[in-house]
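Below is one structure, written out as structure tokens, with a few remarks after it.
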Amino acid sequence: MHRVGSAGNTAGSTRPRKEKRFTYVLNDADSKKHCAGINCLAYLNGSAFSRSDYLFSGSRDGTLKRWELNNGDASFSATFESHVDWVNDAIIVGEKLVSCSSDTTLKVWNCFSEGACTRTLRQHSDYVICLAAAEKNSNIVASGGLGGEVFIWDIDAALAPVAKSVDAKEDEVPNGNSRPALTTLCNVNSSSNIASSNGQTHGYSPITAKGHKDSVYALAMNDTGNLLVSGGTEKVVRVWDPRTGSKKMKLRGHTDNIRTLLLDSTGRYCLSGSSDSMIRLWDLGQQRCVHSYAVHTDSVWALATTPSFGHVYSGGRDQSVYLTDLSTRESVLLCTNEYPILQLSLQDDTIWVATTDSSVYGWPAEGRTPQKVFEKGGSFLAGNLSFSRARASLEGSAPVPVYKEPSIVIPGVPAIIQHEIMNNRRHVLTKDTAGSVKLWEITRGAVVEDFGKVSFEDKKKELFEMVSIPAWFTMDARLGCLSVHLDTPQCFSSEIYAVDLNVSGAQEDLKINLAQETLRGLLVHWSKRKQKSSSHSLSNGDSSSGKDVLSKDTPRSRSEVDDGTENHATHVLPSFEFSTVSPPSIITEGSSGGPWRKRITDLDGTEGDLPWWCVDCVTHNRYPKENTKCGFYLHPAEGSPAPNITQGKLSAPRILRIHKVANYVVEKLVLDKPLDGGSDSTFAMGLSSGQSQLSALDSSSRIGLKPWQKLKPCVEILCNNQVSSIARDEFGYSENIYLEEAGRLDSSL
């Protein structure tokens with residue numbers, strides 16, 4: 001598991017931020033599909049609930065999806081979205097789905113819901129990598145992660161509703177093992193009352209299995225829940241009593257990280273797969289390894305057994321799935337994939353394969369009668385030394401797969417693997433795993449153009465613009481899609497002229513703040529529902545429900561905000577309208593420091609832990625103002641006969657139409673005198689402490705052309721030795737530039 005910073009996981013981050021970060025994730029046009037690798041699979045036999053069979057998939061895109069299985073086909077059923085980082089594992093416990101993530105949380109869902117999270121459990125200090133459950137006791141779940149922690153949860157107790165105080169923190173779990181051991185367990189059909197996602201787990205603490213000194217990558221539990229095994233980078237299999245968290249034994253034999261574990265229903269036998277490429281069978285009664293199987297040429301990352309525990313399916317980094325008879329050691333190459341295999345799930349005669357690709361593959365497996373696979377030929381005897389399979393492969397005796405094509409594919413969309421922010425700070429060029437290059441407009445979350453399979457570098461050069469705009473956001477593609485991060489006050493540093501966005505009726509010099517309008521577009525559904533809810537509450541006599549959703553202890557200086565009086569929260573300009581078909585999701589830190597994720601169309605106006613500065617911007621038209629003035633120098637270009645018309649440094653608004661600089665130069669050269677000071681003045685020169693100041697560079701209106709403007713003299717403005725393009729319109733020129741502090745502009749006749 002790579003330790004990469006994520007959108008929501010800020011644990012251990014050294015990035016200095018005083019305020020909560022606001023992130024939005026741009027979803028692909030086909031939001032029913034995953035857009036990153038599949039880390040986990042969970043199969044639900046619906047016959048026990050008089051429902052269809054379902055397959056759940058958890059992805060590196062941060063979501064889980066439910067697929068309905070009917071007659072050899074899989075159809076999309078629901079998306080479960082709340083995690084803000086990779087979903088690493090998921091298990092079924094009764095009618096509940098439990099998932100874990102690199103965002104350090106576990107989340108509990110109703111398997112048959114439309115995707116609403118029931119509860120978030122926080123206890124881990126680092127990425128949560130693996131889960132285990134007792135099949136006959138749908139009350140116990142174990143979790144392990146990179147922090148070396150193993151926790152055993154009583155799910156019903158963790159979900160028990162607790163009265164919530166006004167100032168209580170959401171879903172906070174105390175540390176320590178203060179509660180008694182799990183001796184009284186609810187049965188599979190227990191009907192516990194499930195609290196809402198805003199409920200608390202105060203008073204409950206999971207049992208801790210203490211002993212791991214390093215990361216935990218694998219867990220397994222027997223059917224009754226009285227035996228737990230764990231493994232990780234310590235290369236040993238640890239055995240625990242999950243009822244008390246006490247150690248029972250430690251098994252040595254692997255020479256590398258243990259990545260996957262299985263227990264038989266009785267808890268006597270354990271299977272382990274390791275990065276040393278070996279599969280080992282352990283007899284826990286004898287406390288020793290009884291068989292070793294060398295069938296893979298690289299790390300073993302996934303195991304699945306037949307119900308009788310007589311045969312094992314295995315997969316891993318070598319992109320191959322093998323079927324091995326544990327008693328006879330006979331093995332056969334079932335199939336090969338194009339990507340490393342991360343997890344396997346056996347459903348009757350189909351083996352579901354999760355890989356680093358965004359698609360899920362179903363292969364024939366003969367799970368009921370695995371001997372039929374061996375009858376097809378191509379089997380070999382598994383060695384007991386790790387180098388035996390590698391040597392056989394080098395000698396050219398690699399086996400031929402029994403099946404060439406999967407019987408079913410649940411397709412995903414290619415993940416974004418490369419991106420480049422364009423100079424205009426609104427467009428982003430991306431490249432995905434299929435090689436397709438696309439241009440995104442992030443202020444409305446849409447693909448502007450799909451260029452197909454072309455050179456990313458060539459297209460980047462082709463789209464290059466000679467503009468300089470302040471960086472108002474950061475982004476990454478860790479989730480396989482674009483995540484855009486906004487931090488205050490930096491995000492409010494960029495503006496654009498309204499006429500450049502084709503805003504009808506806008507004055508020529510009206511400027512629009514990109515972050516403010518983007519936030520309005522993202523939170524328009526929240527604003528409308530909040531207003532509707534407030535109006536309804538006020539009509540019922542509740543005057544408190546309409547108050548601002550702001551943090552009580554958040555200091556705000558009125559001198560740092562632009563205090564607008566008109567509320568435009570529900571008015572969105574066309575250039576900032578986000579799709580409601582595939583809406584983006586927002587990620588922000590919750591009230592207790594825990595992040596959450598939600599689609600913008602699912603916001604209901606009751607979310608009370610949005611960053612105060614976002615609420616202030618959208619609801620009250622207020623946002624921090626940075627210094628909008630910038631200094632620069634204006635000199636004759638090298639070799640130009642033009643005289644030097646200024647002394648010292650000029651100052652102007654950070655965003656500036658280049659034609660205004662050209663007009664200023666022409667006026668100084670032609671008229672050799674200051675402007676008339678009218679409302680259409682471009683500059684008003686004056687000397688102060690030896691430095692020229694431009695006090696009216698950005699005029700608010702233009703009444704008409706001046707006589708000298710009709711002459712249209714030829715002037716070139718150079719910035720960093722590059723000629724700035726000056727496009728003519730009915731008034732003269734319309735190109736814009738952003739000024740860098742003390743930058744240099746050169747004029748040439």
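Residue numbering restarts at 1 for every chain of the structure tokens, chains are lettered A, B, ... in their displayed order, and ligands are numbered from 1 as they appear.
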
| task | Compile the contact shell of Lys372 of chain A as JSON, numbers by chain: residues with an atom at most 12 Å away, counting only C-alpha atoms, same-chain residues fewer than 5 positions apart removed. | result | {"A": [323, 332, 334, 349, 364, 365, 366, 367, 377, 379, 402]}

| request: Fewer than 5 positions away in the same chain doesn't count, so skip those; otherwise give me all residues within 12 Å of Val216 of chain A, counting only C-alpha atoms, as JSON, numbers by chain. | output: {"A": [1, 124, 126, 127, 128, 129, 130, 131, 142, 143, 144, 145, 146, 147, 148, 149, 150, 151, 209, 210, 211, 229, 230, 231, 232, 233, 234, 235, 236, 237, 238, 257, 258, 259, 260, 261]}

With only C-alpha atoms as the basis for distance, which of A:Cys40, A:Ala78, A:Met466, A:Val437 is at the shortest distance from Gly58 of chain A?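 Of A:Cys40, A:Ala78, A:Met466, A:Val437, the one nearest Gly58 of chain A, counting only C-alpha atoms, is A:Cys40.
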
Two-atom distance - atom CA of Cys111 of chain A, atom CA of Val93 of chain A (Å):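 Going from atom CA of Cys111 of chain A over to atom CA of Val93 of chain A covers 9.3 Å.
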
The distance between atom CA of Pro583 of chain A and atom CA of Arg122 of chain A is 27.9 Å

message: Let's see if you can do this: from backbone DSSP, list all strand (DSSP E or B) residues in segment 272-502 of chain A, as number ranges by chain.
response: A: 272-274, 279-283, 288-294, 300-305, 311-316, 320-325, 330-336, 341-347, 350-355, 360-364, 380-381, 383, 408-410, 416-421, 427-432, 437-441, 446-452, 474-476, 483-486, 495-497

Students should find that atom CA of Asp500 of chain A and atom CA of Asp458 of chain A are spaced 26.4 Å

Shell around Leu486 of chain A at 12 Å using only C-alpha atoms, local window under 3 positions removed, as a PyMOL selection string: chain A and resi 7+17+19-25+471-475+483+489-493+514-516+518-519+586-588+611+613-614

Could you write out the selected residues, including N, CA and C atoms, as an mmCIF file, in the first residue's frame?
data_model
loop_
_atom_site.group_PDB
_atom_site.id
_atom_site.type_symbol
_atom_site.label_atom_id
_atom_site.label_comp_id
_atom_site.auth_asym_id
_atom_site.auth_seq_id
_atom_site.Cartn_x
_atom_site.Cartn_y
_atom_site.Cartn_z
ATOM 1 N N ALA A 7 -7.040 13.406 -0.434
ATOM 2 C CA ALA A 7 -7.879 14.594 -0.328
ATOM 3 C C ALA A 7 -8.388 14.801 1.080
ATOM 4 N N ARG A 17 -2.407 24.877 7.613
ATOM 5 C CA ARG A 17 -3.712 25.391 7.221
ATOM 6 C C ARG A 17 -4.461 25.765 8.486
ATOM 7 N N GLU A 19 -7.704 27.043 8.358
ATOM 8 C CA GLU A 19 -9.122 26.777 8.138
ATOM 9 C C GLU A 19 -9.323 25.429 7.458
ATOM 10 N N LYS A 20 -10.556 24.941 7.528
ATOM 11 C CA LYS A 20 -10.881 23.671 6.881
ATOM 12 C C LYS A 20 -10.741 23.787 5.373
ATOM 13 N N ARG A 21 -10.266 22.745 4.790
ATOM 14 C CA ARG A 21 -10.134 22.676 3.328
ATOM 15 C C ARG A 21 -11.454 22.237 2.719
ATOM 16 N N PHE A 22 -11.735 22.749 1.539
ATOM 17 C CA PHE A 22 -12.921 22.359 0.773
ATOM 18 C C PHE A 22 -12.441 21.735 -0.534
ATOM 19 N N THR A 23 -12.883 20.515 -0.797
ATOM 20 C CA THR A 23 -12.467 19.781 -1.994
ATOM 21 C C THR A 23 -13.691 19.343 -2.776
ATOM 22 N N TYR A 24 -13.620 19.430 -4.087
ATOM 23 C CA TYR A 24 -14.676 18.820 -4.893
ATOM 24 C C TYR A 24 -14.067 17.884 -5.923
ATOM 25 N N VAL A 25 -14.746 16.757 -6.119
ATOM 26 C CA VAL A 25 -14.272 15.682 -6.984
ATOM 27 C C VAL A 25 -15.140 15.641 -8.230
ATOM 28 N N ALA A 471 -2.538 31.119 -9.054
ATOM 29 C CA ALA A 471 -3.008 29.769 -8.719
ATOM 30 C C ALA A 471 -4.019 29.867 -7.588
ATOM 31 N N TRP A 472 -5.278 29.536 -7.881
ATOM 32 C CA TRP A 472 -6.325 29.652 -6.865
ATOM 33 C C TRP A 472 -6.809 28.303 -6.358
ATOM 34 N N PHE A 473 -6.231 27.230 -6.867
ATOM 35 C CA PHE A 473 -6.590 25.893 -6.394
ATOM 36 C C PHE A 473 -5.394 24.970 -6.591
ATOM 37 N N THR A 474 -5.424 23.832 -5.923
ATOM 38 C CA THR A 474 -4.492 22.745 -6.174
ATOM 39 C C THR A 474 -5.325 21.520 -6.530
ATOM 40 N N MET A 475 -4.695 20.500 -7.082
ATOM 41 C CA MET A 475 -5.468 19.323 -7.474
ATOM 42 C C MET A 475 -4.596 18.083 -7.514
ATOM 43 N N SER A 483 -9.532 15.776 -8.307
ATOM 44 C CA SER A 483 -9.946 16.347 -7.024
ATOM 45 C C SER A 483 -9.368 17.749 -6.939
ATOM 46 N N PRO A 489 -7.104 31.957 2.444
ATOM 47 C CA PRO A 489 -7.700 32.906 1.492
ATOM 48 C C PRO A 489 -7.153 32.781 0.070
ATOM 49 N N GLN A 490 -6.197 31.820 -0.133
ATOM 50 C CA GLN A 490 -5.526 31.744 -1.424
ATOM 51 C C GLN A 490 -6.487 31.549 -2.586
ATOM 52 N N CYS A 491 -7.574 30.801 -2.351
ATOM 53 C CA CYS A 491 -8.465 30.466 -3.464
ATOM 54 C C CYS A 491 -9.191 31.690 -4.021
ATOM 55 N N PHE A 492 -9.220 32.781 -3.264
ATOM 56 C CA PHE A 492 -9.936 33.975 -3.725
ATOM 57 C C PHE A 492 -9.012 34.978 -4.431
ATOM 58 N N SER A 493 -7.846 34.513 -4.860
ATOM 59 C CA SER A 493 -6.860 35.424 -5.445
ATOM 60 C C SER A 493 -7.034 35.640 -6.938
ATOM 61 N N LEU A 514 -13.267 33.772 -9.369
ATOM 62 C CA LEU A 514 -13.468 32.398 -9.819
ATOM 63 C C LEU A 514 -13.871 31.464 -8.683
ATOM 64 N N ALA A 515 -13.229 31.592 -7.532
ATOM 65 C CA ALA A 515 -13.556 30.700 -6.410
ATOM 66 C C ALA A 515 -14.965 30.964 -5.891
ATOM 67 N N GLN A 516 -15.351 32.226 -5.786
ATOM 68 C CA GLN A 516 -16.680 32.547 -5.276
ATOM 69 C C GLN A 516 -17.767 31.968 -6.171
ATOM 70 N N THR A 518 -17.476 29.541 -8.334
ATOM 71 C CA THR A 518 -17.406 28.074 -8.323
ATOM 72 C C THR A 518 -18.093 27.521 -7.085
ATOM 73 N N LEU A 519 -17.874 28.140 -5.941
ATOM 74 C CA LEU A 519 -18.540 27.695 -4.710
ATOM 75 C C LEU A 519 -20.053 27.853 -4.820
ATOM 76 N N ILE A 586 -18.448 16.697 -2.980
ATOM 77 C CA ILE A 586 -17.619 17.581 -2.167
ATOM 78 C C ILE A 586 -17.052 16.797 -0.992
ATOM 79 N N ILE A 587 -15.849 17.174 -0.613
ATOM 80 C CA ILE A 587 -15.176 16.577 0.540
ATOM 81 C C ILE A 587 -14.771 17.708 1.459
ATOM 82 N N THR A 588 -15.133 17.582 2.718
ATOM 83 C CA THR A 588 -14.713 18.591 3.683
ATOM 84 C C THR A 588 -14.558 17.942 5.040
ATOM 85 N N PRO A 611 -17.190 24.376 5.861
ATOM 86 C CA PRO A 611 -16.280 25.437 6.318
ATOM 87 C C PRO A 611 -17.003 26.777 6.390
ATOM 88 N N TRP A 613 -16.011 29.697 5.981
ATOM 89 C CA TRP A 613 -15.683 30.659 4.932
ATOM 90 C C TRP A 613 -16.421 30.353 3.635
ATOM 91 N N CYS A 614 -16.754 29.085 3.395
ATOM 92 C CA CYS A 614 -17.568 28.727 2.224
ATOM 93 C C CYS A 614 -18.996 29.241 2.402
#

Practice item. Could you check which of A:Gly273, A:Gly72, A:Pro470, A:Gly94 is closest to Asn45 of chain A, using only C-alpha atoms? Key: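 Looking at the shortest contact to Asn45 of chain A, the residue is A:Gly94.
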
- Task: Using only C-alpha atoms, determine which residues lie at most 12 Å from Pro411 of chain A, disregarding the query and same-chain residues fewer than 6 positions distant; provide the list as a ChimeraX atom specification.
- Result: /A:30-38,57,67,74-76,354,357-362

Long-range neighbours of Leu228 of chain A as a ChimeraX atom specification, 12 Å cut-off, only C-alpha atoms, 5 positions minimum in chain: /A:131-134,140-144,150-152,209,218-223,237-250,261-270,284

Margin query: Could you check the closest approach to Gly383 of chain A for each of A:Ser299, A:Gln343, A:Ser308, A:Ser292 and tell me which residue wins, using only C-alpha atoms?
Written below: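 Result for the nearest residue to Gly383 of chain A: A:Ser292.
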
Using only C-alpha atoms, the best pick from A:Cys117, A:Gly412, A:Asn424, A:Leu482 as closest to Lys438 of chain A would be A:Leu482
